[in-house]
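What follows is one structure encoded as structure tokens, with my remarks underneath.
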Amino acid sequence: MDGIILKGGAVLEGTVTLGGSKNAALPVIISSLLSADKCSYRRVPGLRDVSTTLRLLSRLGVTIEKDLLADGHLELTADKIHELEAPYDLVKTMRASFLVLGPLLARFGEARVSTPGGCAIGSRPVDLHLRGLERMGACIRQDHGYIEARAKELKGAVIDLAFPSVGATENLMMAATLARGETEIRNAAQEPEIVELAAVLTGMGARVGGAGTGVIRVEGVPELHGMEHEMGPDRIEAGTFMVGAALTGGDVLIEDARADDLKAFLAKLRETGVRVTPGPGGVRVTGNGRVHGTDVATQPFPGFPTDLQAQMMVLMAVADGASVITENIFENRFMHVQELNRMGARIALDGNRATVRGVPELSGAPVMATDLRASVSLVLAGLVARGATEVSRVYHLDRGYENIEGKLARLGADIRRVQRDD
Ligand code: UD1
């Protein structure tokens, strides 16, 4: 398994270019199932989660015409769907596969999708997806680890989500595009990825209003057509490089980053004493000596994103003073804490709260993590640790970061990927 080896101490400087957003790309690619026409996407990130999604779509019968890895251009045509089942082996490696349920059910009247099960960061149920589809008239059965859903025709409904789940909002929004009548999703997720998916659906002929607010209304249409779309920049990748700049006292322009998609995060970054300058070309982050501790609590958008919690914790680990980090979205998203403590951090856990007492420096160590954002937080920690850090199990990183070692090296980090036989 590959590892990443880095030596701490470099100051990150220069410009970094972001890839297309992973969390927008996955539902957008899956939305191609809603039409028999060709859908063309650009700036698709070359990530493991994207290849997993493509493997699933190809198994269902979607024709994939462009080689994604070549230049991020992808053409998908779902005119010969011959399989309505998403198997366990693909859904278990990536929960976003569950998003095929809504589109398949809406277009073909039935679907069988493996239940995702838990993962490193918590139990992550799909009850909100299922209750919503039931409200739209679907008959849902759970059997042998699979969800089987049937509906001759989905009907518009008022769906009140108990929690603004990103995945449930996406699944229901896609299903509603082909339902009869109007669907109203209340307490909908408001993440920028929802807005991007709504724009794609609208481009396909869907009638979607309110995306980006707490109430989304979808007026069903009989069929959707093809469209072209260029993915927006990955805001979580942007935030990750911003923390890198802040940690190392560097000066980095994150090209294309959109400040509006990261408001709560940028406000916290400023509170730590870092200079954040949004401009037409992106957002520039300039370190300014040792940062100050600040409290952070993750929340659904527009709150502080859970996907940047682990990275922020590294910054707090070397800050002047103490901070409390509260994780409100996932029940077990502190996998990085033990490893950061092995690197000399002083972090105490109490339920969903981590108290971080800043230390002047971390020390390099062999570390590993079992989820994507925890893994990247260890890479960030390695940037400011004395000596060498080796992060193993980097396949987690490859799920969500394209060539992170190359991008960090170009900014001046001493970092390389190594191949291990274990
Ligand atoms: C998406 C993102 C992920 C991000 C998360 C929260 C993608 C591919 N992934 O994941 O990176 O961390 O949003 O911003 O876009 N829940 C239920 N029942 C449900 C659905 C969710 O209880 O039916 C709970 C989950 O267990 C979790 C919380 O709601 O505690 C948030 O989950 P959700 O917003 O659905 O996250 P994902 O869509 O899985």
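Letters A, B, ... go to the chains of the structure tokens in the order shown; residues in each chain start at 1; ligands are counted from 1 in the same order.
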List as a list in words the protein and nucleic acid residues lying within 7 Å of ligand 1, with only C-alpha atoms and all ligand atoms counted. Asn23, Ala24, Leu26, Arg95, Ala96, Gly122, Ser123, Arg124, Pro125, Val126, Asp127, Leu128, His129, Phe163, Pro164, Ser165, Val166, Gly167, Ala168, Pro300, Pro305, Thr306, Asp307, Ile329, Phe330 and Glu331 of chain A
Restrict the selected residues to C-alpha atoms and save them as a JSON list (two decimals), in the first residue's frame.
[["chain", "number", "residue", "atom", "x", "y", "z"],
["A", 23, "ASN", "CA", -19.07, 15.93, -3.45],
["A", 24, "ALA", "CA", -20.75, 17.72, -6.34],
["A", 26, "LEU", "CA", -20.72, 12.17, -7.46],
["A", 95, "ARG", "CA", -21.91, 5.50, 0.40],
["A", 96, "ALA", "CA", -22.70, 7.98, -2.35],
["A", 122, "GLY", "CA", -20.37, 6.49, 12.32],
["A", 123, "SER", "CA", -23.46, 4.42, 11.65],
["A", 124, "ARG", "CA", -24.78, 6.71, 8.90],
["A", 125, "PRO", "CA", -28.32, 5.41, 8.32],
["A", 126, "VAL", "CA", -30.41, 6.08, 5.19],
["A", 127, "ASP", "CA", -33.81, 6.30, 6.87],
["A", 128, "LEU", "CA", -34.42, 9.87, 5.66],
["A", 129, "HIS", "CA", -33.88, 8.83, 2.02],
["A", 163, "PHE", "CA", -32.26, 16.60, 9.64],
["A", 164, "PRO", "CA", -30.99, 18.49, 6.56],
["A", 165, "SER", "CA", -29.14, 15.47, 5.15],
["A", 166, "VAL", "CA", -27.12, 16.24, 2.05],
["A", 167, "GLY", "CA", -27.54, 12.77, 0.56],
["A", 168, "ALA", "CA", -31.26, 12.51, 1.31],
["A", 300, "PRO", "CA", -24.94, 21.91, 8.32],
["A", 305, "PRO", "CA", -18.28, 22.07, 7.53],
["A", 306, "THR", "CA", -17.62, 18.73, 9.19],
["A", 307, "ASP", "CA", -15.34, 17.90, 6.26],
["A", 329, "ILE", "CA", -22.78, 15.98, 12.24],
["A", 330, "PHE", "CA", -21.13, 12.58, 12.63],
["A", 331, "GLU", "CA", -21.01, 10.55, 15.81]]
- Message: I'd like the neighbourhood of Ala149 in chain A as number ranges by chain, where a residue qualifies if any of its atoms comes within 6 Å (using only C-alpha atoms), though same-chain residues fewer than 4 positions away should be ignored.
- Response: A: 110-111, 139-140
With C-alpha atoms kept, could you save the residues just selected as a CSV table (one decimal), in the first residue's frame?
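selection-v9.csv, freshly written:
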chain,number,residue,atom,x,y,z
A,110,GLU,CA,-37.9,-0.1,-9.4
A,111,ALA,CA,-34.4,-0.4,-8.0
A,139,CYS,CA,-43.1,0.7,-1.7
A,140,ILE,CA,-39.9,-0.1,0.2
Item to check | 9 Å contact set for range 333-349 of chain A, only C-alpha atoms, chain neighbours under 5 positions out, as an NGL selection string | outcome: :A and (120-122 or 306 or 309-310 or 313-314 or 317-318 or 327 or 354-359 or 361-371 or 373-375 or 377-378 or 381-382 or 385 or 389)
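Residues lying within 10 Å of Ile194 in chain A, counting only C-alpha atoms and ignoring same-chain neighbours fewer than 4 positions away, are Asn23, Ala24, Pro27, Val28, Val166, Gly167, Thr169, Glu170, Met173, Ala188, Ala189, Gln190, Ala198, Ala199, Val200, Ala211, Gly212, Thr213 and Ile216 of chain A.
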Excluding Glu134 in chain A and any residue of its chain fewer than 5 positions from it, enumerate the residues within 12 Å of it, using only C-alpha atoms, and give them as a PyMOL selection string.
chain A and resi 102+105+127-129+139-141+148-151+153-159+172+175
Next item on the list: Tell me which protein, DNA and RNA residues are within 7 Å of Glu228 in chain A, counting only C-alpha atoms, leaving out same-chain ones fewer than 4 positions away, and put them as an MDAnalysis selection string.
Entry: chainID A and resid 39:41
| DSSP alpha helix (DSSP H) residues within range 88-174 of chain A, listed as a PyMOL selection string | chain A and resi 88-91+101-108+127-135+166-174
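Proximity of A:Thr286, A:Ser21, A:Ser32, A:Thr248 to Glu196 in chain A, computed with only C-alpha atoms, is greatest for A:Ser21.
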* **Per-residue DSSP, range 301-366 of chain A, filtered to strand (DSSP E), as number ranges by chain** => A: 322-326, 346-350, 353-357, 362-363, 366
What separates CA of Arg135 in chain A and CA of Arg107 in chain A is a distance of 17.0 Å
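The residue that comes closest to Phe301 in chain A, out of A:Gly214, A:Gly250, A:Gly244, A:Gly232 and on the basis of only C-alpha atoms, is A:Gly214.
Excluding Ala176 in chain A itself and any same-chain residue fewer than 6 positions from it, the protein and nucleic acid residues within 10 Å of it, counting only C-alpha atoms, are A:Gly102, A:Pro103, A:Ala106, A:Leu133, A:Met136, A:Leu154, A:Lys155, A:Gly156, A:Ala157, A:Glu170, A:Glu182, A:Thr183, A:Glu184, A:Ile185, A:Ala206, A:Arg207, A:Val208, A:Arg217, A:Val218, A:Glu219, A:Gly220, A:Val221.
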